[in-house]
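Trainee: Here it is, the structure, as structure tokens.
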Amino acid sequence: MSCPDCARKCEIVKMGTLELDLCDGCGGLWFDRNELERLPKELSPDDLTGELQAVVARLAVRKAASKSYPLCPMCHESMNLAQYQKVSGVVIHRCVTCGVWLDGANAAKFFFLFEAGRMAEFEQRAERANTEELEARVAKLEKQQSLPPSSCAMSEIPVTRSDSWGVFAVFDLLGFLGSLFRD
Ligand SMILES: [Zn+2]
Ligand SMILES: [Zn+2]
């Protein structure tokens, strides 16, 4: 695989059962689909020893940021910008079909936070944010569907009633006047 940022050939690095593609030029890291989400579940900060520690140390040295919007290194389509777990501050480029690219700066940031044991916290906060978004959307829908019984119902009924009372009053008056002339 070639690096989507600097076109250098990436090398495969193993982290647990995951095989990631690392660019030694800019420190960018490619995760196949679902690998980024699997990493914090398969590894703990304590596992970052020996070879893994060496990989993470290399990421911390390069830290080159993407200069533009990189294309997916697999299918060469454009990728979506997102934030890992919504609240982590780690910017990711996601190809919906193939996987996720972290440029050098964000790969370094990701492992800095991973080593600090922050991943579970980000996952929880992202879940909470998702729930809140969903609740807000439901509340908005409910508001749209249950409009209060406003002007139409309030105004029509009394008007009809007073009109018919008015009509009765006129008939009564005519009846009264008629009875005066009949006598
Ligand atoms: Zn590169
Ligand atoms: Zn792709």
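Letters A, B, ... mark the chains of the structure tokens in the order given; residue numbers begin at 1 per chain; ligand numbers begin at 1, in order shown.
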Could you please write out, as number ranges by chain, every residue of chain A that DSSP assigns to strand (DSSP E)?
Mentor: A: 11-15, 18-22, 29-32, 80-83, 91-95, 99-102
Trainee: How close does chain A get to ligand 1? List, as a Markdown table, each residue of chain A within 12 Å, its nearest atom pair and the distance in Å to one decimal, counting only C-alpha atoms and all ligand atoms.
Mentor:
```
| residue | atom | partner | partner_atom_place_in_ligand_line | distance |
| --- | --- | --- | --- | --- |
| A:Met1 | CA | ligand 1 | 1 (Zn) | 10.6 |
| A:Ser2 | CA | ligand 1 | 1 (Zn) | 7.8 |
| A:Cys3 | CA | ligand 1 | 1 (Zn) | 4.6 |
| A:Pro4 | CA | ligand 1 | 1 (Zn) | 6.6 |
| A:Asp5 | CA | ligand 1 | 1 (Zn) | 5.0 |
| A:Cys6 | CA | ligand 1 | 1 (Zn) | 4.1 |
| A:Ala7 | CA | ligand 1 | 1 (Zn) | 6.0 |
| A:Arg8 | CA | ligand 1 | 1 (Zn) | 5.5 |
| A:Lys9 | CA | ligand 1 | 1 (Zn) | 7.8 |
| A:Cys10 | CA | ligand 1 | 1 (Zn) | 7.5 |
| A:Glu11 | CA | ligand 1 | 1 (Zn) | 10.6 |
| A:Asp21 | CA | ligand 1 | 1 (Zn) | 10.3 |
| A:Leu22 | CA | ligand 1 | 1 (Zn) | 8.0 |
| A:Cys23 | CA | ligand 1 | 1 (Zn) | 4.7 |
| A:Asp24 | CA | ligand 1 | 1 (Zn) | 6.5 |
| A:Gly25 | CA | ligand 1 | 1 (Zn) | 4.7 |
| A:Cys26 | CA | ligand 1 | 1 (Zn) | 4.1 |
| A:Gly27 | CA | ligand 1 | 1 (Zn) | 6.3 |
| A:Gly28 | CA | ligand 1 | 1 (Zn) | 5.7 |
| A:Leu29 | CA | ligand 1 | 1 (Zn) | 8.5 |
| A:Trp30 | CA | ligand 1 | 1 (Zn) | 10.3 |
| A:Leu59 | CA | ligand 1 | 1 (Zn) | 11.2 |
| A:Arg62 | CA | ligand 1 | 1 (Zn) | 9.4 |
| A:Lys63 | CA | ligand 1 | 1 (Zn) | 10.0 |
| A:Ala64 | CA | ligand 1 | 1 (Zn) | 8.1 |
| A:Ala65 | CA | ligand 1 | 1 (Zn) | 9.4 |
| A:Ser66 | CA | ligand 1 | 1 (Zn) | 8.8 |
| A:Lys67 | CA | ligand 1 | 1 (Zn) | 10.8 |
| A:Pro70 | CA | ligand 1 | 1 (Zn) | 10.5 |
| A:Pro73 | CA | ligand 1 | 1 (Zn) | 10.9 |
| A:Trp101 | CA | ligand 1 | 1 (Zn) | 10.6 |
| A:Leu102 | CA | ligand 1 | 1 (Zn) | 10.3 |
| A:Asp103 | CA | ligand 1 | 1 (Zn) | 7.8 |
| A:Gly104 | CA | ligand 1 | 1 (Zn) | 7.7 |
| A:Ala105 | CA | ligand 1 | 1 (Zn) | 11.1 |
| A:Ala107 | CA | ligand 1 | 1 (Zn) | 11.7 |
```
Trainee: Store the residues picked out above, limited to N, CA and C atoms, as an mmCIF file, in the first residue's frame.
Mentor:
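That gives us part-v3.cif:
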```
data_model
loop_
_atom_site.group_PDB
_atom_site.id
_atom_site.type_symbol
_atom_site.label_atom_id
_atom_site.label_comp_id
_atom_site.auth_asym_id
_atom_site.auth_seq_id
_atom_site.Cartn_x
_atom_site.Cartn_y
_atom_site.Cartn_z
ATOM 1 N N MET A 1 0.839 -1.206 0.000
ATOM 2 C CA MET A 1 0.000 0.000 0.000
ATOM 3 C C MET A 1 0.874 1.256 0.000
ATOM 4 N N SER A 2 0.488 2.251 -0.775
ATOM 5 C CA SER A 2 1.236 3.506 -0.771
ATOM 6 C C SER A 2 0.564 4.511 0.160
ATOM 7 N N CYS A 3 1.383 5.303 0.825
ATOM 8 C CA CYS A 3 0.862 6.310 1.751
ATOM 9 C C CYS A 3 -0.014 7.314 0.995
ATOM 10 N N PRO A 4 -1.241 7.561 1.461
ATOM 11 C CA PRO A 4 -2.111 8.522 0.781
ATOM 12 C C PRO A 4 -1.647 9.975 0.940
ATOM 13 N N ASP A 5 -0.710 10.213 1.854
ATOM 14 C CA ASP A 5 -0.223 11.577 2.055
ATOM 15 C C ASP A 5 1.080 11.851 1.299
ATOM 16 N N CYS A 6 2.058 10.933 1.395
ATOM 17 C CA CYS A 6 3.354 11.224 0.782
ATOM 18 C C CYS A 6 3.760 10.200 -0.280
ATOM 19 N N ALA A 7 2.859 9.222 -0.552
ATOM 20 C CA ALA A 7 3.042 8.240 -1.634
ATOM 21 C C ALA A 7 4.170 7.240 -1.389
ATOM 22 N N ARG A 8 4.824 7.317 -0.242
ATOM 23 C CA ARG A 8 5.863 6.341 0.075
ATOM 24 C C ARG A 8 5.217 4.979 0.349
ATOM 25 N N LYS A 9 5.973 3.916 0.101
ATOM 26 C CA LYS A 9 5.414 2.582 0.348
ATOM 27 C C LYS A 9 5.314 2.328 1.856
ATOM 28 N N CYS A 10 4.141 1.885 2.298
ATOM 29 C CA CYS A 10 3.946 1.627 3.723
ATOM 30 C C CYS A 10 4.472 0.244 4.097
ATOM 31 N N GLU A 11 4.831 0.098 5.370
ATOM 32 C CA GLU A 11 5.236 -1.226 5.847
ATOM 33 C C GLU A 11 4.186 -1.738 6.835
ATOM 34 N N ASP A 21 -0.828 -0.590 8.413
ATOM 35 C CA ASP A 21 0.154 -0.113 7.436
ATOM 36 C C ASP A 21 0.711 1.217 7.917
ATOM 37 N N LEU A 22 2.008 1.227 8.130
ATOM 38 C CA LEU A 22 2.661 2.420 8.662
ATOM 39 C C LEU A 22 3.534 3.067 7.593
ATOM 40 N N CYS A 23 3.394 4.386 7.441
ATOM 41 C CA CYS A 23 4.280 5.120 6.541
ATOM 42 C C CYS A 23 5.430 5.694 7.368
ATOM 43 N N ASP A 24 6.635 5.285 7.020
ATOM 44 C CA ASP A 24 7.793 5.743 7.780
ATOM 45 C C ASP A 24 8.161 7.182 7.406
ATOM 46 N N GLY A 25 7.604 7.645 6.266
ATOM 47 C CA GLY A 25 7.924 9.011 5.841
ATOM 48 C C GLY A 25 7.217 10.059 6.681
ATOM 49 N N CYS A 26 5.905 9.871 6.889
ATOM 50 C CA CYS A 26 5.125 10.892 7.594
ATOM 51 C C CYS A 26 4.535 10.391 8.907
ATOM 52 N N GLY A 27 4.660 9.091 9.175
ATOM 53 C CA GLY A 27 4.135 8.553 10.438
ATOM 54 C C GLY A 27 2.651 8.250 10.378
ATOM 55 N N GLY A 28 2.053 8.304 9.181
ATOM 56 C CA GLY A 28 0.627 7.995 9.033
ATOM 57 C C GLY A 28 0.378 6.506 9.207
ATOM 58 N N LEU A 29 -0.868 6.176 9.577
ATOM 59 C CA LEU A 29 -1.190 4.785 9.882
ATOM 60 C C LEU A 29 -2.542 4.425 9.271
ATOM 61 N N TRP A 30 -2.561 3.276 8.559
ATOM 62 C CA TRP A 30 -3.805 2.821 7.942
ATOM 63 C C TRP A 30 -4.399 1.655 8.717
ATOM 64 N N LEU A 59 6.043 6.713 15.580
ATOM 65 C CA LEU A 59 4.915 7.597 15.261
ATOM 66 C C LEU A 59 5.107 8.962 15.905
ATOM 67 N N ARG A 62 7.539 11.307 13.738
ATOM 68 C CA ARG A 62 7.183 11.857 12.412
ATOM 69 C C ARG A 62 6.135 12.976 12.509
ATOM 70 N N LYS A 63 4.976 12.591 12.954
ATOM 71 C CA LYS A 63 3.899 13.558 13.222
ATOM 72 C C LYS A 63 3.567 14.514 12.084
ATOM 73 N N ALA A 64 3.744 14.100 10.821
ATOM 74 C CA ALA A 64 3.401 15.001 9.722
ATOM 75 C C ALA A 64 1.885 15.001 9.503
ATOM 76 N N ALA A 65 1.311 16.196 9.369
ATOM 77 C CA ALA A 65 -0.132 16.292 9.160
ATOM 78 C C ALA A 65 -0.445 16.229 7.663
ATOM 79 N N SER A 66 -1.643 15.725 7.316
ATOM 80 C CA SER A 66 -2.077 15.722 5.919
ATOM 81 C C SER A 66 -2.082 17.145 5.395
ATOM 82 N N LYS A 67 -1.575 17.309 4.170
ATOM 83 C CA LYS A 67 -1.564 18.658 3.606
ATOM 84 C C LYS A 67 -2.880 18.977 2.916
ATOM 85 N N PRO A 70 -6.557 13.518 1.682
ATOM 86 C CA PRO A 70 -5.994 12.337 1.018
ATOM 87 C C PRO A 70 -7.094 11.421 0.482
ATOM 88 N N PRO A 73 -6.281 4.948 0.218
ATOM 89 C CA PRO A 73 -5.143 4.242 -0.394
ATOM 90 C C PRO A 73 -5.549 2.901 -1.026
ATOM 91 N N TRP A 101 -7.696 6.238 7.756
ATOM 92 C CA TRP A 101 -6.327 6.750 7.697
ATOM 93 C C TRP A 101 -6.135 7.793 8.791
ATOM 94 N N LEU A 102 -5.091 7.591 9.585
ATOM 95 C CA LEU A 102 -4.685 8.616 10.543
ATOM 96 C C LEU A 102 -3.381 9.211 10.025
ATOM 97 N N ASP A 103 -3.364 10.507 9.771
ATOM 98 C CA ASP A 103 -2.100 11.106 9.332
ATOM 99 C C ASP A 103 -1.108 11.081 10.506
ATOM 100 N N GLY A 104 0.136 11.412 10.225
ATOM 101 C CA GLY A 104 1.178 11.274 11.243
ATOM 102 C C GLY A 104 0.856 11.984 12.551
ATOM 103 N N ALA A 105 0.353 13.215 12.442
ATOM 104 C CA ALA A 105 0.059 13.999 13.639
ATOM 105 C C ALA A 105 -1.027 13.332 14.476
ATOM 106 N N ALA A 107 -2.047 10.095 14.264
ATOM 107 C CA ALA A 107 -1.638 8.770 14.741
ATOM 108 C C ALA A 107 -0.865 8.918 16.055
#
```
Trainee: Please identify every polymer residue within 9 Å of ligand 2, using only C-alpha atoms and all ligand atoms, and present the set as number ranges by chain.
Mentor: A: 71-79, 94-100
Trainee: When you look at region 116-118 of chain A with a cut-off of 12 Å (counting only C-alpha atoms), what residues show up, excluding the ones that are within fewer than 5 positions of it in the same chain? I need them as a CSV table (one decimal) with all heavy atoms, in the first residue's frame.
Mentor:
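Now in part.csv:
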```
chain,number,residue,atom,x,y,z
A,40,PRO,N,-8.5,-0.7,20.8
A,40,PRO,CA,-8.5,-0.5,22.2
A,40,PRO,C,-9.2,-1.7,22.9
A,40,PRO,O,-9.0,-1.8,24.1
A,40,PRO,CB,-9.4,0.7,22.4
A,40,PRO,CG,-9.5,1.4,21.0
A,40,PRO,CD,-9.3,0.3,20.0
A,41,LYS,N,-9.9,-2.5,22.2
A,41,LYS,CA,-10.5,-3.7,22.8
A,41,LYS,C,-9.5,-4.9,22.9
A,41,LYS,O,-9.5,-5.7,23.8
A,41,LYS,CB,-11.7,-4.2,22.0
A,41,LYS,CG,-12.9,-3.2,22.1
A,41,LYS,CD,-14.1,-3.7,21.4
A,41,LYS,CE,-15.3,-2.7,21.6
A,41,LYS,NZ,-15.1,-1.4,21.0
A,43,LEU,N,-6.0,-4.4,22.8
A,43,LEU,CA,-4.7,-4.1,23.5
A,43,LEU,C,-5.0,-3.1,24.6
A,43,LEU,O,-6.0,-2.4,24.6
A,43,LEU,CB,-3.8,-3.3,22.5
A,43,LEU,CG,-3.3,-4.1,21.3
A,43,LEU,CD1,-2.5,-3.2,20.4
A,43,LEU,CD2,-2.4,-5.3,21.8
A,44,SER,N,-4.1,-3.2,25.6
A,44,SER,CA,-4.2,-2.2,26.7
A,44,SER,C,-2.9,-1.4,26.7
A,44,SER,O,-1.9,-1.9,26.1
A,44,SER,CB,-4.4,-2.9,28.0
A,44,SER,OG,-3.2,-3.5,28.5
A,45,PRO,N,-2.9,-0.3,27.4
A,45,PRO,CA,-1.6,0.5,27.4
A,45,PRO,C,-0.4,-0.4,27.9
A,45,PRO,O,0.7,-0.1,27.4
A,45,PRO,CB,-1.9,1.6,28.4
A,45,PRO,CG,-3.4,1.8,28.3
A,45,PRO,CD,-4.0,0.4,28.0
A,46,ASP,N,-0.7,-1.3,28.7
A,46,ASP,CA,0.4,-2.2,29.3
A,46,ASP,C,1.1,-3.1,28.2
A,46,ASP,O,2.2,-3.5,28.4
A,46,ASP,CB,-0.1,-3.1,30.4
A,46,ASP,CG,-0.6,-2.3,31.6
A,46,ASP,OD1,-0.1,-1.1,31.7
A,46,ASP,OD2,-1.4,-2.8,32.3
A,47,ASP,N,0.3,-3.3,27.1
A,47,ASP,CA,0.9,-4.1,26.0
A,47,ASP,C,1.9,-3.4,25.2
A,47,ASP,O,2.6,-4.0,24.3
A,47,ASP,CB,-0.3,-4.6,25.1
A,47,ASP,CG,-1.2,-5.5,25.8
A,47,ASP,OD1,-0.8,-6.3,26.7
A,47,ASP,OD2,-2.4,-5.5,25.5
A,48,LEU,N,2.0,-2.1,25.3
A,48,LEU,CA,2.9,-1.3,24.5
A,48,LEU,C,4.3,-1.4,25.0
A,48,LEU,O,4.9,-0.4,25.5
A,48,LEU,CB,2.4,0.2,24.4
A,48,LEU,CG,1.1,0.5,23.7
A,48,LEU,CD1,0.8,2.0,23.6
A,48,LEU,CD2,1.0,-0.2,22.3
A,85,GLN,N,-14.3,8.6,17.9
A,85,GLN,CA,-15.2,8.6,19.0
A,85,GLN,C,-15.8,10.0,19.3
A,85,GLN,O,-16.1,10.3,20.4
A,85,GLN,CB,-14.6,8.1,20.3
A,85,GLN,CG,-14.1,6.6,20.2
A,85,GLN,CD,-15.2,5.6,20.1
A,85,GLN,OE1,-16.3,5.9,19.7
A,85,GLN,NE2,-14.9,4.4,20.4
A,87,VAL,N,-15.3,12.8,20.3
A,87,VAL,CA,-14.9,13.8,21.3
A,87,VAL,C,-13.4,13.7,21.6
A,87,VAL,O,-12.9,14.4,22.5
A,87,VAL,CB,-15.7,13.6,22.7
A,87,VAL,CG1,-17.1,13.9,22.5
A,87,VAL,CG2,-15.5,12.2,23.2
A,88,SER,N,-12.7,12.8,20.9
A,88,SER,CA,-11.3,12.6,21.3
A,88,SER,C,-10.3,13.7,20.8
A,88,SER,O,-9.2,13.8,21.3
A,88,SER,CB,-10.8,11.3,20.7
A,88,SER,OG,-10.8,11.3,19.3
A,89,GLY,N,-10.7,14.5,19.8
A,89,GLY,CA,-9.8,15.4,19.2
A,89,GLY,C,-8.9,14.8,18.2
A,89,GLY,O,-8.1,15.5,17.6
A,109,LYS,N,-1.1,11.4,18.2
A,109,LYS,CA,-2.1,11.8,19.2
A,109,LYS,C,-2.9,10.6,19.7
A,109,LYS,O,-3.2,10.5,20.9
A,109,LYS,CB,-3.0,12.9,18.5
A,109,LYS,CG,-3.8,13.7,19.5
A,109,LYS,CD,-4.4,14.9,18.8
A,109,LYS,CE,-5.2,15.8,19.7
A,109,LYS,NZ,-5.8,16.9,19.0
A,110,PHE,N,-3.4,9.8,18.7
A,110,PHE,CA,-4.2,8.6,19.1
A,110,PHE,C,-3.4,7.8,20.1
A,110,PHE,O,-3.9,7.4,21.1
A,110,PHE,CB,-4.5,7.8,17.8
A,110,PHE,CG,-5.2,6.5,18.1
A,110,PHE,CD1,-6.6,6.5,18.2
A,110,PHE,CD2,-4.5,5.3,18.2
A,110,PHE,CE1,-7.3,5.4,18.5
A,110,PHE,CE2,-5.2,4.1,18.5
A,110,PHE,CZ,-6.6,4.2,18.6
A,111,PHE,N,-2.1,7.5,19.8
A,111,PHE,CA,-1.4,6.6,20.7
A,111,PHE,C,-0.9,7.3,22.0
A,111,PHE,O,-0.8,6.6,23.1
A,111,PHE,CB,-0.2,6.0,20.0
A,111,PHE,CG,-0.6,4.8,19.2
A,111,PHE,CD1,-0.8,4.9,17.8
A,111,PHE,CD2,-0.9,3.6,19.8
A,111,PHE,CE1,-1.2,3.8,17.1
A,111,PHE,CE2,-1.3,2.5,19.0
A,111,PHE,CZ,-1.5,2.6,17.7
A,123,GLU,N,-15.0,6.4,24.5
A,123,GLU,CA,-16.1,5.6,24.0
A,123,GLU,C,-17.4,5.9,24.7
A,123,GLU,O,-18.4,6.0,24.1
A,123,GLU,CB,-15.7,4.1,24.2
A,123,GLU,CG,-16.5,3.2,23.3
A,123,GLU,CD,-16.1,1.7,23.4
A,123,GLU,OE1,-14.9,1.5,23.8
A,123,GLU,OE2,-16.9,0.8,23.1
A,124,GLN,N,-17.3,6.0,26.0
A,124,GLN,CA,-18.5,6.3,26.8
A,124,GLN,C,-19.1,7.7,26.5
A,124,GLN,O,-20.3,7.8,26.3
A,124,GLN,CB,-18.2,6.3,28.3
A,124,GLN,CG,-18.0,4.9,28.9
A,124,GLN,CD,-17.4,4.9,30.3
A,124,GLN,OE1,-17.2,6.0,30.9
A,124,GLN,NE2,-17.2,3.7,30.8
A,125,ARG,N,-18.2,8.6,26.3
A,125,ARG,CA,-18.7,10.0,26.0
A,125,ARG,C,-19.3,10.0,24.6
A,125,ARG,O,-20.3,10.7,24.4
A,125,ARG,CB,-17.5,11.0,26.1
A,125,ARG,CG,-17.2,11.4,27.6
A,125,ARG,CD,-16.0,12.2,27.7
A,125,ARG,NE,-16.0,13.4,27.0
A,125,ARG,CZ,-15.0,14.2,26.8
A,125,ARG,NH1,-13.8,13.9,27.2
A,125,ARG,NH2,-15.1,15.3,26.1
```
Trainee: Separation of CA of Leu20 (chain A) and CA of Leu81 (chain A), in Å?
Mentor: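 Between CA of Leu20 (chain A) and CA of Leu81 (chain A) the gap is 19.6 Å.
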Trainee: For CA of Glu51 (chain A) and CA of Ala108 (chain A), quote the distance in Å rounded to one decimal.
Mentor: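 Going from CA of Glu51 (chain A) over to CA of Ala108 (chain A), I get 16.1 Å.
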Trainee: Distance CA of Thr49 (chain A)-CA of Val13 (chain A), one decimal place?
Mentor: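 Atom-to-atom, CA of Thr49 (chain A) and CA of Val13 (chain A) are spaced 14.0 Å apart.
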Trainee: Leaving out Lys86 (chain A) and any residue of its chain fewer than 2 positions from it, which residues lie within 6 Å of it when counting only C-alpha atoms, given as a ChimeraX atom specification?
Mentor: /A:83-84,126
Trainee: Save out the residues we just selected, N, CA and C atoms, as a CSV table (one decimal), in the first residue's frame.
Mentor:
```csv
chain,number,residue,atom,x,y,z
A,83,GLN,N,-14.1,12.7,13.6
A,83,GLN,CA,-13.3,12.7,14.8
A,83,GLN,C,-13.4,11.3,15.5
A,84,TYR,N,-12.3,10.7,15.9
A,84,TYR,CA,-12.4,9.4,16.5
A,84,TYR,C,-13.2,9.5,17.8
A,126,ALA,N,-18.7,9.3,23.7
A,126,ALA,CA,-19.3,9.2,22.3
A,126,ALA,C,-20.7,8.6,22.4
```
Trainee: Determine which residues of chain A receive a DSSP assignment of alpha helix (DSSP H), computed from the backbone, and state them as a VMD selection string.
Mentor: chain A and resid 35 to 42 50 to 62 104 to 115 119 to 145 151 to 182
